[in-house]
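Engineer: Pasting a structure here, questions to come.
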2 protein chains.
Amino acid sequence: MSRVAPVDERRRAETLARHEQLTKPRGSLGRLEALGARLAAITASCPPPIPRRPAVAVFAGDHGVVASGVTPWPQEVTAQMVANFVSGGAAINVFARYTGASVHVVDVGVASDITHLTGIRHHKVRSGTADLSRGPAMSTADACDALDVGARVAGELVAAGHDLLVTGEMGIGNTTAAAALVACFTATEAATVTGRGTGIDDAMLARKQEIVAGASTRAGRWLDPVSVLAEVGGLEIAALAGFIVGGAAAHVPVVVDGVITCAALLVAEALVPRVRDRCIAGHRSVEPGASATLSYLGLDPLLDLDLRLGEGTGGCLAIPVVRCAAGVLSEMATFADLG
Amino acid sequence: MSRVAPVDERRRAETLARHEQLTKPRGSLGRLEALGARLAAITASCPPPIPRRPAVAVFAGDHGVVASGVTPWPQEVTAQMVANFVSGGAAINVFARYTGASVHVVDVGVASDITHLTGIRHHKVRSGTADLSRGPAMSTADACDALDVGARVAGELVAAGHDLLVTGEMGIGNTTAAAALVACFTATEAATVTGRGTGIDDAMLARKQEIVAGASTRAGRWLDPVSVLAEVGGLEIAALAGFIVGGAAAHVPVVVDGVITCAALLVAEALVPRVRDRCIAGHRSVEPGASATLSYLGLDPLLDLDLRLGEGTGGCLAIPVVRCAAGVLSEMATFADLG
């Protein structure tokens, strides 16, 4: 899965030229013009296809580091929220509904046994990671398996006709793993990229920062991205990295959500350089690691609404923007049409 | 139409409290939480209704000031674009399609005769304004008639079941009128609020600024908002002001688009104080008069995508955000539901 062709710069240029013909003042659609051209470059098509069947994949996994007190939420909440996704009562279900996306839930590493749940993909690699504050979160073999789950899910969704992929996740404790990955891959101080996640007090934040600092220093010894991922990552983060690469390999645009998927994108980019060119940053999460990643990768998020929920919610909100950016290129009249 | 009840602060507080019960970390939906509460306050309902049938009203009018060289576009383009709206080939048609809104076009002051066009509302008050650089753009009677057209259209759309109103417009030269209104109502220097509109060169911008300065100074002599509007406004701007008040009076949220509707909102607010409490700023237009207005009125726009097209495009893009903000409040599970 490591081969991803460069995006099509000729289609990008063609699309920018096409914008000059549409019945509107030059440049008046602002960032949607560059977005439309980016979609053309990714899909090698001018005008780019209008996404008709966006899919948000929500990967769920648990984190051993919760034992070290980085969050007030018990680990059981991950499984409870997976059940909530299945019954349609979570924020991502509502957001997907009103932005025209379907939700696909994947258990890649939930700690408890949820095999009884129907309506989700069961691809558990292991029952949560080990405590990354005390040693490697998982083996490199586990990390590779989880990467593979994500790539496989992307492939299946594309094969089923989904033409826009949105990254989503759930995992109590996963902002700690994400912060460690962001600190390591962007070579940034742990304190700078560690946020309050679901909302923690100052004492817990100090502990979290200390854990992120230690973990990212440890992870920094490794040269290869999979070892970094195994050392301080998470199963759902690994799967998301594979998902991003899988979508990119299929030339389907991937909308990136918040800080967890930012961390996954850093892993994906380390594995397959320029995979980011096939991604769209959906929004700017409040979590500092998200801004650090977007700035490091040179991605400009479409929305900035102070979200910090994850699940893919911010990514979903970007779908109508993407559709409009693509839609104007095939459905607007040109000056020639009007005479 | 001047009576608009204060928004329902009790429902706002109830909605914020309801957010604490939903299955997500506290505050994790960021600005969508305040938006949901605002919708509840406007509609006096907790949870607020999820807008099912948004309508964008596009008011078209011409501006005599084009004779003074404030835009490179000929006045005929207004009528051509109205025809484009009717045949579905304009940006607003595409944006409305992908955000689930219907488009309603109103001729309130197009210079040329377009009575042959079907599928639009014909409420022409006069065939364009006079040149506002040389004297009043219109009489106060015309301004009142145009205000009334807008209020009537809002009432009709609400009666037909539309539950979210989006402001749109078309009128070659209308950023000049809008800038004059913004300068006057916000007591800001003309140079600060005058932008390049559809894209003009430095020489034309200098002329435009001079015209806006003179016009806003002249308009500033008037105490009453209708006289200001008549002195330097436009027919579509007047109609939009009436439309905003009409939507507000019906307790239907009104999504405000770019600088032209910002100017209209200033007129509406001057006529009916606190009408802004029933509006939602859809986006931040590139035009400086938009930011000046939003800041003056204390409105925080949802999106910031460097748009400067008008027509209601930026307002439409906010629709899915509004739907999600309302949707989570009725469709998400609560912690009690999950046990």
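As shown in the structure tokens, the chain order sets the letters A, B, ...; within each chain, residues go from 1, and ligands are also counted from 1 in the order they appear.
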Report as CSV the residues of chain B within 8 Å of chain A, each with its shortest atom pair and distance in Å (one decimal), using only C-alpha atoms, ordered by chain and increasing residue number.
Structural biologist:
```
residue,atom,partner,partner_atom,distance
B:Thr23,CA,A:Ala90,CA,6.6
B:Lys24,CA,A:Leu309,CA,7.1
B:Pro25,CA,A:Thr198,CA,5.4
B:Arg26,CA,A:Gly199,CA,7.3
B:Ser28,CA,A:Arg308,CA,4.9
B:Leu29,CA,A:Leu307,CA,4.8
B:Gly30,CA,A:Asp306,CA,4.5
B:Arg31,CA,A:Leu305,CA,5.4
B:Leu32,CA,A:Leu305,CA,7.3
B:Gln80,CA,A:Leu338,CA,7.5
B:Asn84,CA,A:Ala333,CA,7.6
B:Gly88,CA,A:Met332,CA,7.8
B:Gly89,CA,A:Met332,CA,4.5
B:Ala90,CA,A:Met332,CA,5.4
B:Ala91,CA,A:Val328,CA,6.1
B:Val94,CA,A:Val328,CA,6.0
B:Phe95,CA,A:Cys324,CA,5.5
B:Tyr98,CA,A:Cys324,CA,6.2
B:Thr99,CA,A:Pro320,CA,6.4
B:Thr198,CA,A:Pro25,CA,5.4
B:Gly199,CA,A:Pro25,CA,7.1
B:Leu302,CA,A:Leu305,CA,7.1
B:Leu303,CA,A:Leu303,CA,6.4
B:Asp304,CA,A:Leu303,CA,7.4
B:Leu305,CA,A:Arg31,CA,5.4
B:Asp306,CA,A:Gly30,CA,4.5
B:Leu307,CA,A:Gly30,CA,4.6
B:Arg308,CA,A:Ser28,CA,4.9
B:Leu309,CA,A:Ser28,CA,4.9
B:Leu317,CA,A:Val321,CA,6.6
B:Pro320,CA,A:Tyr98,CA,6.3
B:Val321,CA,A:Leu317,CA,6.6
B:Arg323,CA,A:Tyr98,CA,6.5
B:Cys324,CA,A:Phe95,CA,5.5
B:Gly327,CA,A:Val94,CA,6.2
B:Val328,CA,A:Val94,CA,6.0
B:Glu331,CA,A:Gly89,CA,6.4
B:Met332,CA,A:Gly89,CA,4.5
B:Ala333,CA,A:Gly89,CA,4.6
B:Leu338,CA,A:Gln80,CA,7.5
```
Engineer: Give me, as a list in words, the residues of segment 90-241 of chain B that a backbone DSSP run labels strand (DSSP E or B).
Structural biologist: Ser102, Val103, His104, Val105, Val106, Asp107, Val108, Gly109, Arg121, His122, Leu164, Leu165, Val166, Thr167, Gly168, Glu169 and Met170 of chain B
Engineer: Keeping only N, CA, C and O atoms, write the selected residues as an mmCIF file, in the first residue's frame.
Structural biologist:
```cif
data_model
loop_
_atom_site.group_PDB
_atom_site.id
_atom_site.type_symbol
_atom_site.label_atom_id
_atom_site.label_comp_id
_atom_site.auth_asym_id
_atom_site.auth_seq_id
_atom_site.Cartn_x
_atom_site.Cartn_y
_atom_site.Cartn_z
ATOM 1 N N SER B 102 -33.957 25.983 -1.002
ATOM 2 C CA SER B 102 -34.594 26.384 -2.255
ATOM 3 C C SER B 102 -34.271 27.854 -2.510
ATOM 4 O O SER B 102 -34.024 28.620 -1.584
ATOM 5 N N VAL B 103 -34.263 28.230 -3.786
ATOM 6 C CA VAL B 103 -33.877 29.589 -4.181
ATOM 7 C C VAL B 103 -35.109 30.359 -4.657
ATOM 8 O O VAL B 103 -35.883 29.846 -5.476
ATOM 9 N N HIS B 104 -35.288 31.569 -4.141
ATOM 10 C CA HIS B 104 -36.432 32.404 -4.492
ATOM 11 C C HIS B 104 -35.913 33.764 -4.952
ATOM 12 O O HIS B 104 -35.345 34.498 -4.149
ATOM 13 N N VAL B 105 -36.124 34.056 -6.215
ATOM 14 C CA VAL B 105 -35.556 35.271 -6.795
ATOM 15 C C VAL B 105 -36.624 36.364 -6.852
ATOM 16 O O VAL B 105 -37.770 36.098 -7.226
ATOM 17 N N VAL B 106 -36.237 37.566 -6.471
ATOM 18 C CA VAL B 106 -37.177 38.692 -6.423
ATOM 19 C C VAL B 106 -36.589 39.877 -7.181
ATOM 20 O O VAL B 106 -35.503 40.350 -6.852
ATOM 21 N N ASP B 107 -37.311 40.360 -8.190
ATOM 22 C CA ASP B 107 -36.921 41.613 -8.842
ATOM 23 C C ASP B 107 -37.554 42.761 -8.074
ATOM 24 O O ASP B 107 -38.764 42.964 -8.125
ATOM 25 N N VAL B 108 -36.713 43.475 -7.348
ATOM 26 C CA VAL B 108 -37.237 44.618 -6.592
ATOM 27 C C VAL B 108 -36.776 45.935 -7.226
ATOM 28 O O VAL B 108 -37.292 46.998 -6.893
ATOM 29 N N GLY B 109 -35.816 45.819 -8.185
ATOM 30 C CA GLY B 109 -35.348 47.071 -8.784
ATOM 31 C C GLY B 109 -34.347 46.897 -9.910
ATOM 32 O O GLY B 109 -33.439 47.720 -10.067
ATOM 33 N N ARG B 121 -40.252 36.316 -8.501
ATOM 34 C CA ARG B 121 -41.270 37.217 -7.984
ATOM 35 C C ARG B 121 -41.035 38.609 -8.574
ATOM 36 O O ARG B 121 -39.935 39.150 -8.442
ATOM 37 N N HIS B 122 -42.066 39.165 -9.188
ATOM 38 C CA HIS B 122 -41.943 40.499 -9.779
ATOM 39 C C HIS B 122 -42.510 41.544 -8.826
ATOM 40 O O HIS B 122 -43.721 41.657 -8.685
ATOM 41 N N LEU B 164 -36.018 28.354 7.850
ATOM 42 C CA LEU B 164 -34.724 29.037 7.981
ATOM 43 C C LEU B 164 -34.609 29.923 6.753
ATOM 44 O O LEU B 164 -34.807 29.463 5.628
ATOM 45 N N LEU B 165 -34.329 31.206 6.981
ATOM 46 C CA LEU B 165 -34.243 32.139 5.853
ATOM 47 C C LEU B 165 -32.790 32.552 5.654
ATOM 48 O O LEU B 165 -32.085 32.853 6.623
ATOM 49 N N VAL B 166 -32.375 32.553 4.402
ATOM 50 C CA VAL B 166 -31.014 32.970 4.057
ATOM 51 C C VAL B 166 -31.114 34.177 3.133
ATOM 52 O O VAL B 166 -31.922 34.194 2.203
ATOM 53 N N THR B 167 -30.292 35.191 3.400
ATOM 54 C CA THR B 167 -30.344 36.424 2.616
ATOM 55 C C THR B 167 -29.423 36.330 1.407
ATOM 56 O O THR B 167 -28.267 35.950 1.526
ATOM 57 N N GLY B 168 -29.932 36.701 0.237
ATOM 58 C CA GLY B 168 -29.105 36.726 -0.955
ATOM 59 C C GLY B 168 -29.420 37.950 -1.789
ATOM 60 O O GLY B 168 -30.466 38.584 -1.603
ATOM 61 N N GLU B 169 -28.526 38.299 -2.694
ATOM 62 C CA GLU B 169 -28.762 39.504 -3.512
ATOM 63 C C GLU B 169 -27.927 39.487 -4.775
ATOM 64 O O GLU B 169 -26.958 38.758 -4.887
ATOM 65 N N MET B 170 -28.311 40.335 -5.689
ATOM 66 C CA MET B 170 -27.564 40.578 -6.922
ATOM 67 C C MET B 170 -27.822 42.005 -7.335
ATOM 68 O O MET B 170 -28.979 42.444 -7.347
#
```
Engineer: Could you please write out, as a ChimeraX atom specification, every residue of segment 8-182 of chain B that DSSP assigns to helix (DSSP H, G or I)?
Structural biologist: /B:9-19,31-43,64-68,76-87,91-99,140-159,174-182
Engineer: So which residues touch Ala178 of chain A within 6 Å, counting only C-alpha atoms, skipping near sequence neighbours fewer than 2 positions away, as a PyMOL selection string?
Structural biologist: chain A and resi 175-176+180-181+260+263
Engineer: Dump N, CA and C atoms for the selected residues as a PDB file, in the first residue's frame?
Structural biologist:
```
ATOM      1  N   THR A 175      -6.103  11.250  23.213  1.00  0.00           N
ATOM      2  CA  THR A 175      -5.390  12.519  22.967  1.00  0.00           C
ATOM      3  C   THR A 175      -3.977  12.466  23.545  1.00  0.00           C
ATOM      4  N   THR A 176      -3.747  11.603  24.535  1.00  0.00           N
ATOM      5  CA  THR A 176      -2.393  11.454  25.079  1.00  0.00           C
ATOM      6  C   THR A 176      -1.481  10.801  24.036  1.00  0.00           C
ATOM      7  N   ALA A 180       1.691  12.556  21.925  1.00  0.00           N
ATOM      8  CA  ALA A 180       3.042  11.991  21.892  1.00  0.00           C
ATOM      9  C   ALA A 180       3.514  11.831  20.443  1.00  0.00           C
ATOM     10  N   LEU A 181       2.616  11.379  19.577  1.00  0.00           N
ATOM     11  CA  LEU A 181       2.975  11.227  18.158  1.00  0.00           C
ATOM     12  C   LEU A 181       3.262  12.585  17.520  1.00  0.00           C
ATOM     13  N   ILE A 260      -6.655  13.571  16.689  1.00  0.00           N
ATOM     14  CA  ILE A 260      -6.312  12.150  16.599  1.00  0.00           C
ATOM     15  C   ILE A 260      -5.986  11.790  15.156  1.00  0.00           C
ATOM     16  N   ALA A 263      -2.666  13.193  14.091  1.00  0.00           N
ATOM     17  CA  ALA A 263      -1.552  12.326  14.479  1.00  0.00           C
ATOM     18  C   ALA A 263      -1.435  11.166  13.501  1.00  0.00           C
TER      19      ALA A 263
END
```
Engineer: What's the 6 Å shell around Ala249 of chain B, counting only C-alpha atoms, without same-chain residues fewer than 3 positions away, as a ChimeraX atom specification?
Structural biologist: /B:4,245-246
Engineer: Save the residues we just selected, N, CA and C atoms, as a PDB file, in the first residue's frame?
Structural biologist:
```pdb
ATOM      1  N   VAL B   4     -40.775  43.279  17.255  1.00  0.00           N
ATOM      2  CA  VAL B   4     -40.113  41.983  17.313  1.00  0.00           C
ATOM      3  C   VAL B   4     -39.801  41.706  18.779  1.00  0.00           C
ATOM      4  N   VAL B 245     -36.237  41.782   9.001  1.00  0.00           N
ATOM      5  CA  VAL B 245     -37.224  42.115  10.029  1.00  0.00           C
ATOM      6  C   VAL B 245     -38.428  41.171   9.944  1.00  0.00           C
ATOM      7  N   GLY B 246     -38.833  40.850   8.711  1.00  0.00           N
ATOM      8  CA  GLY B 246     -39.973  39.943   8.529  1.00  0.00           C
ATOM      9  C   GLY B 246     -39.694  38.562   9.094  1.00  0.00           C
TER      10      GLY B 246
END
```
Engineer: Counting only C-alpha atoms, figure out which residue out of B:Ile244, B:Ala160, B:Ala67, B:Cys279 gets nearest to Val7 of chain B.
Structural biologist: B:Cys279
Engineer: For a quick check of understanding, using only C-alpha atoms, which of B:Ala219, B:Ala336, B:Ala177, B:Val70 has the smallest distance to Arg196 of chain B?
Structural biologist: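 Using only C-alpha atoms, Arg196 of chain B sits closest to B:Val70.
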Engineer: Can you tell me, as a list in words, what residues are no more than 12 Å from Pro273 of chain B when counting only C-alpha atoms, ignoring any on the same chain fewer than 3 positions away?
Structural biologist: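 The residues that qualify are Ser2, Arg3, Val4, Ala5, Pro6, Pro225, Val245, Ala248, Leu265, Leu266, Val267, Ala268, Glu269, Ala270, Arg276, Asp277, Arg278 and Leu297 of chain B.
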Engineer: Mind dumping the selected residues with C-alpha atoms as a PDB file, in the first residue's frame?
Structural biologist:
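The result, written out as selection.pdb:
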```pdb
ATOM      1  CA  SER B   2     -41.612  47.018  13.726  1.00  0.00           C
ATOM      2  CA  ARG B   3     -42.509  44.847  16.669  1.00  0.00           C
ATOM      3  CA  VAL B   4     -40.113  41.983  17.313  1.00  0.00           C
ATOM      4  CA  ALA B   5     -40.190  40.322  20.712  1.00  0.00           C
ATOM      5  CA  PRO B   6     -36.956  39.804  22.643  1.00  0.00           C
ATOM      6  CA  PRO B 225     -32.758  55.132   9.079  1.00  0.00           C
ATOM      7  CA  VAL B 245     -37.224  42.115  10.029  1.00  0.00           C
ATOM      8  CA  ALA B 248     -37.322  37.997  12.846  1.00  0.00           C
ATOM      9  CA  LEU B 265     -28.862  44.254   8.737  1.00  0.00           C
ATOM     10  CA  LEU B 266     -27.577  47.643   9.923  1.00  0.00           C
ATOM     11  CA  VAL B 267     -30.693  49.245   8.433  1.00  0.00           C
ATOM     12  CA  ALA B 268     -32.919  46.573   9.993  1.00  0.00           C
ATOM     13  CA  GLU B 269     -31.237  46.986  13.371  1.00  0.00           C
ATOM     14  CA  ALA B 270     -31.665  50.766  13.194  1.00  0.00           C
ATOM     15  CA  ARG B 276     -29.715  41.034  15.156  1.00  0.00           C
ATOM     16  CA  ASP B 277     -30.405  38.673  18.050  1.00  0.00           C
ATOM     17  CA  ARG B 278     -32.563  36.689  15.641  1.00  0.00           C
ATOM     18  CA  LEU B 297     -23.087  44.322  15.932  1.00  0.00           C
TER      19      LEU B 297
END
```
Engineer: Nearest to Lys208 of chain B: which of B:Gly282, B:Glu236, B:Arg134, B:Val66 is it, counting only C-alpha atoms?
Structural biologist: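 Closest to Lys208 of chain B, using only C-alpha atoms: B:Val66.
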Engineer: Any idea what's packed within 10 Å of Gly289 of chain A, counting only C-alpha atoms, ignoring anything in its chain fewer than 4 positions away? Could you give it as a PyMOL selection string?
Structural biologist: chain A and resi 175+178-183+186+188+190-195+258-260+262-263+285+293-295
Engineer: Go ahead and save the residues from that selection, with C-alpha atoms, as an mmCIF file, in the first residue's frame.
Structural biologist:
```
data_model
loop_
_atom_site.group_PDB
_atom_site.id
_atom_site.type_symbol
_atom_site.label_atom_id
_atom_site.label_comp_id
_atom_site.auth_asym_id
_atom_site.auth_seq_id
_atom_site.Cartn_x
_atom_site.Cartn_y
_atom_site.Cartn_z
ATOM 1 C CA THR A 175 -5.390 12.519 22.967
ATOM 2 C CA ALA A 178 -1.914 11.617 19.678
ATOM 3 C CA ALA A 179 0.040 14.319 21.518
ATOM 4 C CA ALA A 180 3.042 11.991 21.892
ATOM 5 C CA LEU A 181 2.975 11.227 18.158
ATOM 6 C CA VAL A 182 2.599 14.900 17.225
ATOM 7 C CA ALA A 183 5.438 15.913 19.568
ATOM 8 C CA THR A 186 6.836 17.481 14.414
ATOM 9 C CA THR A 188 7.743 20.014 19.132
ATOM 10 C CA ALA A 190 5.339 18.046 24.629
ATOM 11 C CA ALA A 191 3.888 20.942 26.626
ATOM 12 C CA THR A 192 3.092 22.808 23.405
ATOM 13 C CA VAL A 193 1.073 20.026 21.813
ATOM 14 C CA THR A 194 -0.632 18.503 24.864
ATOM 15 C CA GLY A 195 -4.168 19.759 25.393
ATOM 16 C CA GLY A 258 -9.289 16.553 14.611
ATOM 17 C CA VAL A 259 -6.109 15.952 16.593
ATOM 18 C CA ILE A 260 -6.312 12.150 16.599
ATOM 19 C CA CYS A 262 -3.874 14.659 12.576
ATOM 20 C CA ALA A 263 -1.552 12.326 14.479
ATOM 21 C CA SER A 285 -9.673 21.424 16.496
ATOM 22 C CA THR A 293 0.205 19.244 12.728
ATOM 23 C CA LEU A 294 -1.704 21.342 10.216
ATOM 24 C CA SER A 295 0.960 23.994 10.297
#
```
Engineer: Which one is closest to Gly64 of chain A: A:Ala154, A:Ile237, A:Ala101, A:Ala137? Count only C-alpha atoms.
Structural biologist: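 For Gly64 of chain A, the nearest of the candidates is A:Ala137.
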Engineer: Go through B:Val254, B:Val77, B:Val125, B:Ala37 and flag the residue nearest Gly234 of chain B, using only C-alpha atoms for the distances.
Structural biologist: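 Of the candidates, the smallest distance to Gly234 of chain B is held by B:Val125.
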Engineer: When you draw a straight line from atom CA of Cys46 of chain A to atom CA of Ile280 of chain A, how long is it in Å?
Structural biologist: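 Interatomic distance here is 17.7 Å.
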Engineer: Write out as number ranges by chain which residues come within 12 Å of Lys124 of chain A when counting only C-alpha atoms, dropping same-chain ones fewer than 5 positions away.
Structural biologist: A: 59-62, 105-115, 129, 142-143, 145-150, 235-236, 239
